[in-house]
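Peer 1: The structure file upload.tsv (TSV, C-alpha atoms) is provided below.
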chain	number	residue	atom	x	y	z
U	1	ALA	CA	31.04	18.87	-5.89
U	2	LEU	CA	27.68	19.33	-4.18
U	3	GLY	CA	27.77	23.08	-4.73
U	4	ALA	CA	28.39	22.55	-8.42
U	5	LEU	CA	25.58	20.01	-8.67
U	6	VAL	CA	23.11	22.34	-6.99
U	7	GLY	CA	24.30	25.09	-9.31
U	8	ALA	CA	23.61	22.85	-12.29
U	9	LEU	CA	20.11	22.12	-11.00
U	10	ARG	CA	19.37	25.80	-10.57
U	11	ALA	CA	20.84	26.83	-13.92
U	12	ASN	CA	19.11	24.14	-15.98
U	13	VAL	CA	15.60	23.97	-14.58
U	14	ALA	CA	14.08	23.77	-18.08
U	15	HIS	CA	16.16	20.74	-19.09
U	16	PRO	CA	14.82	17.47	-17.63
U	17	SER	CA	17.77	15.35	-18.71
U	18	VAL	CA	20.19	17.64	-16.87
U	19	GLN	CA	17.90	17.69	-13.84
U	20	ALA	CA	17.72	13.89	-13.73
U	21	GLN	CA	21.49	13.47	-14.10
U	22	ALA	CA	22.23	16.05	-11.43
U	23	CYS	CA	19.69	14.49	-9.04
U	24	TRP	CA	21.31	11.08	-9.51
U	25	ALA	CA	24.69	12.60	-8.78
U	26	VAL	CA	23.40	14.23	-5.59
U	27	ARG	CA	21.94	10.88	-4.58
U	28	SER	CA	25.32	9.18	-5.08
U	29	VAL	CA	27.32	11.81	-3.22
U	30	CYS	CA	24.88	11.72	-0.29
U	31	ALA	CA	24.97	7.94	0.15
U	32	GLY	CA	26.43	6.48	3.33
U	33	THR	CA	25.52	6.52	7.00
U	34	ASP	CA	28.99	6.82	8.52
U	35	ALA	CA	30.35	10.13	9.80
U	36	ALA	CA	31.59	11.16	6.37
U	37	GLY	CA	28.25	10.28	4.78
U	38	ARG	CA	26.35	12.27	7.39
U	39	ALA	CA	28.64	15.23	6.79
U	40	ARG	CA	27.93	15.08	3.05
U	41	LYS	CA	24.19	15.07	3.72
U	42	GLN	CA	24.56	18.14	5.90
U	43	HIS	CA	26.69	19.85	3.28
U	44	ALA	CA	24.03	19.14	0.66
U	45	VAL	CA	21.45	20.93	2.80
U	46	GLU	CA	23.81	23.87	3.33
U	47	CYS	CA	24.29	24.11	-0.44
U	48	GLY	CA	20.53	24.32	-1.02
U	49	ALA	CA	20.09	20.86	-2.46
U	50	LEU	CA	16.68	20.24	-0.89
U	51	ALA	CA	15.09	23.29	-2.48
U	52	ALA	CA	16.73	22.50	-5.83
U	53	LEU	CA	15.45	18.91	-5.77
U	54	ALA	CA	11.92	20.03	-4.92
U	55	ALA	CA	12.09	22.62	-7.68
U	56	ALA	CA	13.14	19.97	-10.20
U	57	MET	CA	10.15	17.85	-9.22
U	58	ARG	CA	7.76	20.80	-9.57
U	59	ALA	CA	9.25	21.77	-12.94
U	60	HIS	CA	8.93	18.31	-14.47
U	61	PRO	CA	5.95	16.51	-12.91
U	62	ALA	CA	5.40	14.30	-15.96
U	63	HIS	CA	9.06	13.25	-16.29
U	64	ALA	CA	9.41	9.93	-14.47
U	65	ALA	CA	13.22	9.95	-14.58
U	66	VAL	CA	13.39	13.32	-12.82
U	67	GLN	CA	10.85	12.25	-10.21
U	68	GLU	CA	12.68	9.01	-9.44
U	69	ALA	CA	16.13	10.58	-9.27
U	70	ALA	CA	14.98	13.47	-7.10
U	71	CYS	CA	13.19	11.12	-4.70
U	72	ARG	CA	16.27	8.94	-4.39
U	73	ALA	CA	18.38	11.99	-3.62
U	74	LEU	CA	15.83	13.18	-1.05
U	75	ALA	CA	15.81	9.74	0.56
U	76	ASN	CA	19.58	9.75	0.97
U	77	ILE	CA	19.79	13.31	2.30
U	78	CYS	CA	16.95	12.73	4.79
U	79	ASN	CA	18.19	9.34	5.97
U	80	GLY	CA	18.87	9.38	9.71
U	81	ASP	CA	16.91	9.48	12.96
U	82	ASP	CA	19.39	11.57	14.95
U	83	ASP	CA	18.75	15.27	15.58
U	84	ALA	CA	20.55	16.29	12.40
U	85	GLY	CA	18.63	13.75	10.32
U	86	LEU	CA	15.31	14.92	11.73
U	87	ALA	CA	16.29	18.51	11.01
U	88	ARG	CA	17.03	17.59	7.39
U	89	ALA	CA	13.63	15.92	7.09
U	90	GLN	CA	12.00	19.06	8.48
U	91	GLN	CA	13.90	21.24	6.04
U	92	ALA	CA	12.83	18.97	3.18
U	93	ASP	CA	9.23	19.34	4.28
U	94	GLY	CA	9.71	23.09	4.45
U	95	VAL	CA	10.54	23.29	0.74
U	96	GLY	CA	7.61	21.09	-0.28
U	97	ALA	CA	9.51	17.86	-0.86
U	98	LEU	CA	7.08	15.72	1.10
U	99	GLU	CA	4.08	16.75	-0.99
U	100	ALA	CA	6.21	16.47	-4.15
U	101	ALA	CA	7.00	12.84	-3.38
U	102	ALA	CA	3.31	12.08	-2.84
U	103	ARG	CA	2.43	13.82	-6.12
U	104	ALA	CA	5.07	11.77	-7.92
U	105	MET	CA	3.42	8.57	-6.72
U	106	HIS	CA	0.01	9.65	-7.97
U	107	ALA	CA	1.37	10.88	-11.31
U	108	HIS	CA	3.48	7.79	-12.06
U	109	ALA	CA	1.46	4.97	-10.56
U	110	ASP	CA	2.58	2.51	-13.23
U	111	VAL	CA	6.32	3.17	-12.83
U	112	ALA	CA	7.71	0.85	-10.16
U	113	ALA	CA	11.00	2.74	-9.88
U	114	VAL	CA	9.20	5.99	-9.04
U	115	GLN	CA	6.97	4.23	-6.52
U	116	ASP	CA	9.99	2.61	-4.85
U	117	ALA	CA	11.98	5.86	-4.69
U	118	ALA	CA	9.05	7.98	-3.50
U	119	CYS	CA	8.13	5.46	-0.79
U	120	ARG	CA	11.67	5.52	0.53
U	121	ALA	CA	11.76	9.31	0.47
U	122	LEU	CA	8.43	9.50	2.32
U	123	ALA	CA	9.61	6.91	4.84
U	124	ASN	CA	12.74	8.92	5.64
U	125	MET	CA	10.98	12.28	5.74
U	126	CYS	CA	8.29	10.93	8.09
U	127	VAL	CA	10.64	9.64	10.78
U	128	GLY	CA	10.25	11.33	14.15
U	129	SER	CA	7.89	11.28	17.12
U	130	GLY	CA	8.21	14.91	18.23
U	131	HIS	CA	5.83	17.70	17.32
U	132	ALA	CA	7.51	18.38	13.97
U	133	GLY	CA	7.64	14.68	13.12
U	134	ARG	CA	3.95	14.27	13.89
U	135	ALA	CA	3.18	17.26	11.69
U	136	ARG	CA	5.12	15.71	8.81
U	137	LYS	CA	3.13	12.49	9.16
U	138	GLN	CA	-0.10	14.49	9.05
U	139	ARG	CA	1.10	16.39	6.01
U	140	ALA	CA	1.88	13.13	4.23
U	141	ALA	CA	-1.59	11.82	5.02
U	142	GLY	CA	-3.11	15.10	3.84
U	143	ALA	CA	-1.26	14.71	0.54
U	144	HIS	CA	-2.99	11.33	0.10
U	145	ALA	CA	0.28	9.45	0.52
U	146	LEU	CA	-1.45	6.56	2.32
U	147	GLU	CA	-3.71	5.92	-0.65
U	148	ALA	CA	-0.80	6.17	-3.09
U	149	ILE	CA	1.37	3.82	-1.04
U	150	THR	CA	-1.38	1.24	-0.73
U	151	ALA	CA	-2.04	1.45	-4.48
U	152	ALA	CA	1.68	0.85	-5.11
U	153	MET	CA	1.58	-2.22	-2.87
U	154	ASP	CA	-1.25	-3.62	-4.98
U	155	ARG	CA	-0.02	-2.56	-8.41
U	156	HIS	CA	3.62	-3.58	-7.89
U	157	ALA	CA	3.19	-6.54	-5.56
U	158	SER	CA	5.86	-8.51	-7.42
U	159	SER	CA	8.55	-5.93	-6.62
U	160	ALA	CA	10.30	-6.62	-3.34
U	161	ALA	CA	11.83	-3.14	-3.35
U	162	VAL	CA	8.44	-1.44	-3.65
U	163	ALA	CA	6.97	-3.82	-1.07
U	164	GLU	CA	9.65	-3.15	1.53
U	165	ASN	CA	9.76	0.62	1.11
U	166	ALA	CA	5.98	0.95	0.91
U	167	CYS	CA	5.55	-0.94	4.18
U	168	MET	CA	8.28	1.14	5.78
U	169	ALA	CA	6.61	4.37	4.62
U	170	LEU	CA	3.21	3.19	5.90
U	171	ASN	CA	4.69	2.46	9.30
U	172	ASN	CA	6.50	5.79	9.58
U	173	ILE	CA	3.41	7.75	8.57
U	174	CYS	CA	0.94	5.81	10.70
U	175	VAL	CA	2.90	5.20	13.87
U	176	GLY	CA	1.93	7.21	16.94
U	177	ALA	CA	-0.20	7.16	20.09
U	178	ASP	CA	-2.40	10.23	19.57
U	179	ALA	CA	-5.83	10.60	18.00
U	180	GLU	CA	-4.34	11.83	14.73
U	181	ALA	CA	-2.28	8.64	14.46
U	182	ASP	CA	-5.44	6.62	15.09
U	183	ALA	CA	-7.08	8.48	12.21
U	184	ARG	CA	-4.11	7.84	9.93
U	185	ARG	CA	-4.21	4.14	10.71
U	186	ALA	CA	-7.97	4.07	10.05
U	187	ALA	CA	-7.37	5.79	6.72
U	188	ALA	CA	-4.69	3.24	5.82
U	189	VAL	CA	-7.05	0.36	6.63
U	190	SER	CA	-9.80	1.99	4.57
U	191	ALA	CA	-7.39	2.28	1.66
U	192	GLY	CA	-6.69	-1.45	1.88
U	193	ALA	CA	-3.26	-1.36	3.47
U	194	ARG	CA	-3.85	-4.27	5.83
U	195	ILE	CA	-4.92	-6.59	3.02
U	196	ALA	CA	-2.08	-5.35	0.82
U	197	ALA	CA	0.53	-5.96	3.53
U	198	ALA	CA	-0.74	-9.52	4.05
U	199	THR	CA	-0.56	-10.12	0.30
U	200	LEU	CA	3.02	-8.86	0.16
U	201	GLN	CA	4.00	-11.06	3.07
U	202	ARG	CA	2.78	-14.10	1.15
U	203	ALA	CA	4.34	-12.92	-2.12
U	204	HIS	CA	7.84	-12.45	-0.64
U	205	PRO	CA	8.20	-15.16	2.05
U	206	THR	CA	12.02	-15.21	1.93
U	207	HIS	CA	12.74	-11.48	1.65
U	208	ALA	CA	13.90	-10.28	5.06
U	209	GLY	CA	12.97	-6.64	4.55
U	210	VAL	CA	9.47	-7.36	3.26
U	211	LYS	CA	8.88	-9.90	6.02
U	212	ARG	CA	9.99	-7.44	8.68
U	213	TRP	CA	8.07	-4.37	7.52
U	214	SER	CA	4.90	-6.13	6.42
U	215	ALA	CA	4.73	-7.75	9.87
U	216	VAL	CA	5.19	-4.33	11.48
U	217	VAL	CA	2.38	-2.90	9.38
U	218	LEU	CA	0.07	-5.82	10.09
U	219	GLY	CA	0.76	-5.53	13.81
U	220	MET	CA	0.07	-1.81	13.75
U	221	LEU	CA	-3.13	-2.11	11.72
U	222	HIS	CA	-4.57	-5.12	13.54
U	223	GLY	CA	-8.12	-5.11	14.78
Written as structure tokens, how would this file's structure read?

Peer 2:
Amino acid sequence: ALGALVGALRANVAHPSVQAQACWAVRSVCAGTDAAGRARKQHAVECGALAALAAAMRAHPAHAAVQEAACRALANICNGDDDAGLARAQQADGVGALEAAARAMHAHADVAAVQDAACRALANMCVGSGHAGRARKQRAAGAHALEAITAAMDRHASSAAVAENACMALNNICVGADAEADARRAAAVSAGARIAAATLQRAHPTHAGVKRWSAVVLGMLHG
């Protein structure tokens, strides 16, 4: 099934409706964190899904449905902090998916579904504390993801999904003990992330995910 879906993406690059439908299907097939789910994620990578998803995003930058569906598929494929999951995140970065997700946020700032999906994709692609993981965090910051994420927190403050995934993405991009991480955190504060996280905490007092990740962000950006 995954091979056929990737084939459909490659064969129909000019057709956004086909791209969106195929991306959604990849997202569904690659759901799950059990052994079978992890195997499907790996199979998707082996079939070339990451490059096909990034290509769909490049081909249709103004099509919100394609951007959302591709980001959701990327998020599912790159979910995981084990060695295989980190390798998938690195492979996604290698085909330009990280920058594509940041571009989607800037291009579709008013579309909450795109912001939610792109934040989750960025969060999953920026997991990792090794050299490659730190480089991905830097690449996200260089693509102005921190500014886009903070803007999403402000613009879509009423959405718990955006709030949770935006805070998670901020944490995964900004976490670290080196000078580059300090600079990323300073950039996040300058963009207004600390104020935005506090606002979200007040706006969603009973949402466990928002409470957890906004507190993490506030703790990381204190001072």

Peer 1: Give one line per residue of range 160-204 of chain U that approaches range 110-116 of chain U to at most 8 Å, naming the two atoms of the closest pair and their distance in Å to one decimal, counting only C-alpha atoms; sort by chain then ascending residue number and deliver it as CSV.

Peer 2:
residue,atom,partner,partner_atom,distance
U:Ala161,CA,U:Asp116,CA,6.2
U:Val162,CA,U:Asp116,CA,4.5
U:Asn165,CA,U:Asp116,CA,6.3
U:Ala166,CA,U:Asp116,CA,7.2

Peer 1: Name the closest residue to Gly94 in chain U among the candidates U:Val6, U:Cys174, U:Ala135, U:Ala208; distances are taken between atoms, counting all atoms listed in the file.

Peer 2: U:Ala135

Peer 1: What's around Glu99 in chain U at 9 Å? Count all atoms listed in the file, leave out sequence neighbours fewer than 2 positions away in its own chain, and write the answer as a PyMOL selection string.

Peer 2: chain U and resi 93+96-97+101-104+139-140+142-145

Peer 1: Keeping only C-alpha atoms, take the residues you just selected and write them out as a JSON list (two decimals), in the coordinates of the input.

Peer 2:
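Wrote out_8.json, looks like this:
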[["chain", "number", "residue", "atom", "x", "y", "z"],
["U", 93, "ASP", "CA", 9.23, 19.34, 4.28],
["U", 96, "GLY", "CA", 7.61, 21.09, -0.28],
["U", 97, "ALA", "CA", 9.51, 17.86, -0.86],
["U", 101, "ALA", "CA", 7.00, 12.84, -3.38],
["U", 102, "ALA", "CA", 3.31, 12.08, -2.84],
["U", 103, "ARG", "CA", 2.43, 13.82, -6.12],
["U", 104, "ALA", "CA", 5.07, 11.77, -7.92],
["U", 139, "ARG", "CA", 1.10, 16.39, 6.01],
["U", 140, "ALA", "CA", 1.88, 13.13, 4.23],
["U", 142, "GLY", "CA", -3.11, 15.10, 3.84],
["U", 143, "ALA", "CA", -1.26, 14.71, 0.54],
["U", 144, "HIS", "CA", -2.99, 11.33, 0.10],
["U", 145, "ALA", "CA", 0.28, 9.45, 0.52]]

Peer 1: Rounded to one decimal in Å, what is the spacing between CA of Arg72 in chain U and CA of Val175 in chain U?

Peer 2: 22.9 Å

Peer 1: For Ala151 in chain U, which residue out of U:Ala117, U:Ala132, U:Met105, U:Ala203 is the nearest one, using all atoms listed in the file?

Peer 2: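 Smallest distance to Ala151 in chain U is found for U:Met105.
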
Peer 1: Up to 10 Å from (16.0, 13.0, -6.5) in the file's coordinates: name the residues, counting only C-alpha atoms, as a ChimeraX atom specification.

Peer 2: /U:19-27,49-50,52-54,56-57,65-77,97,101,117-118,121
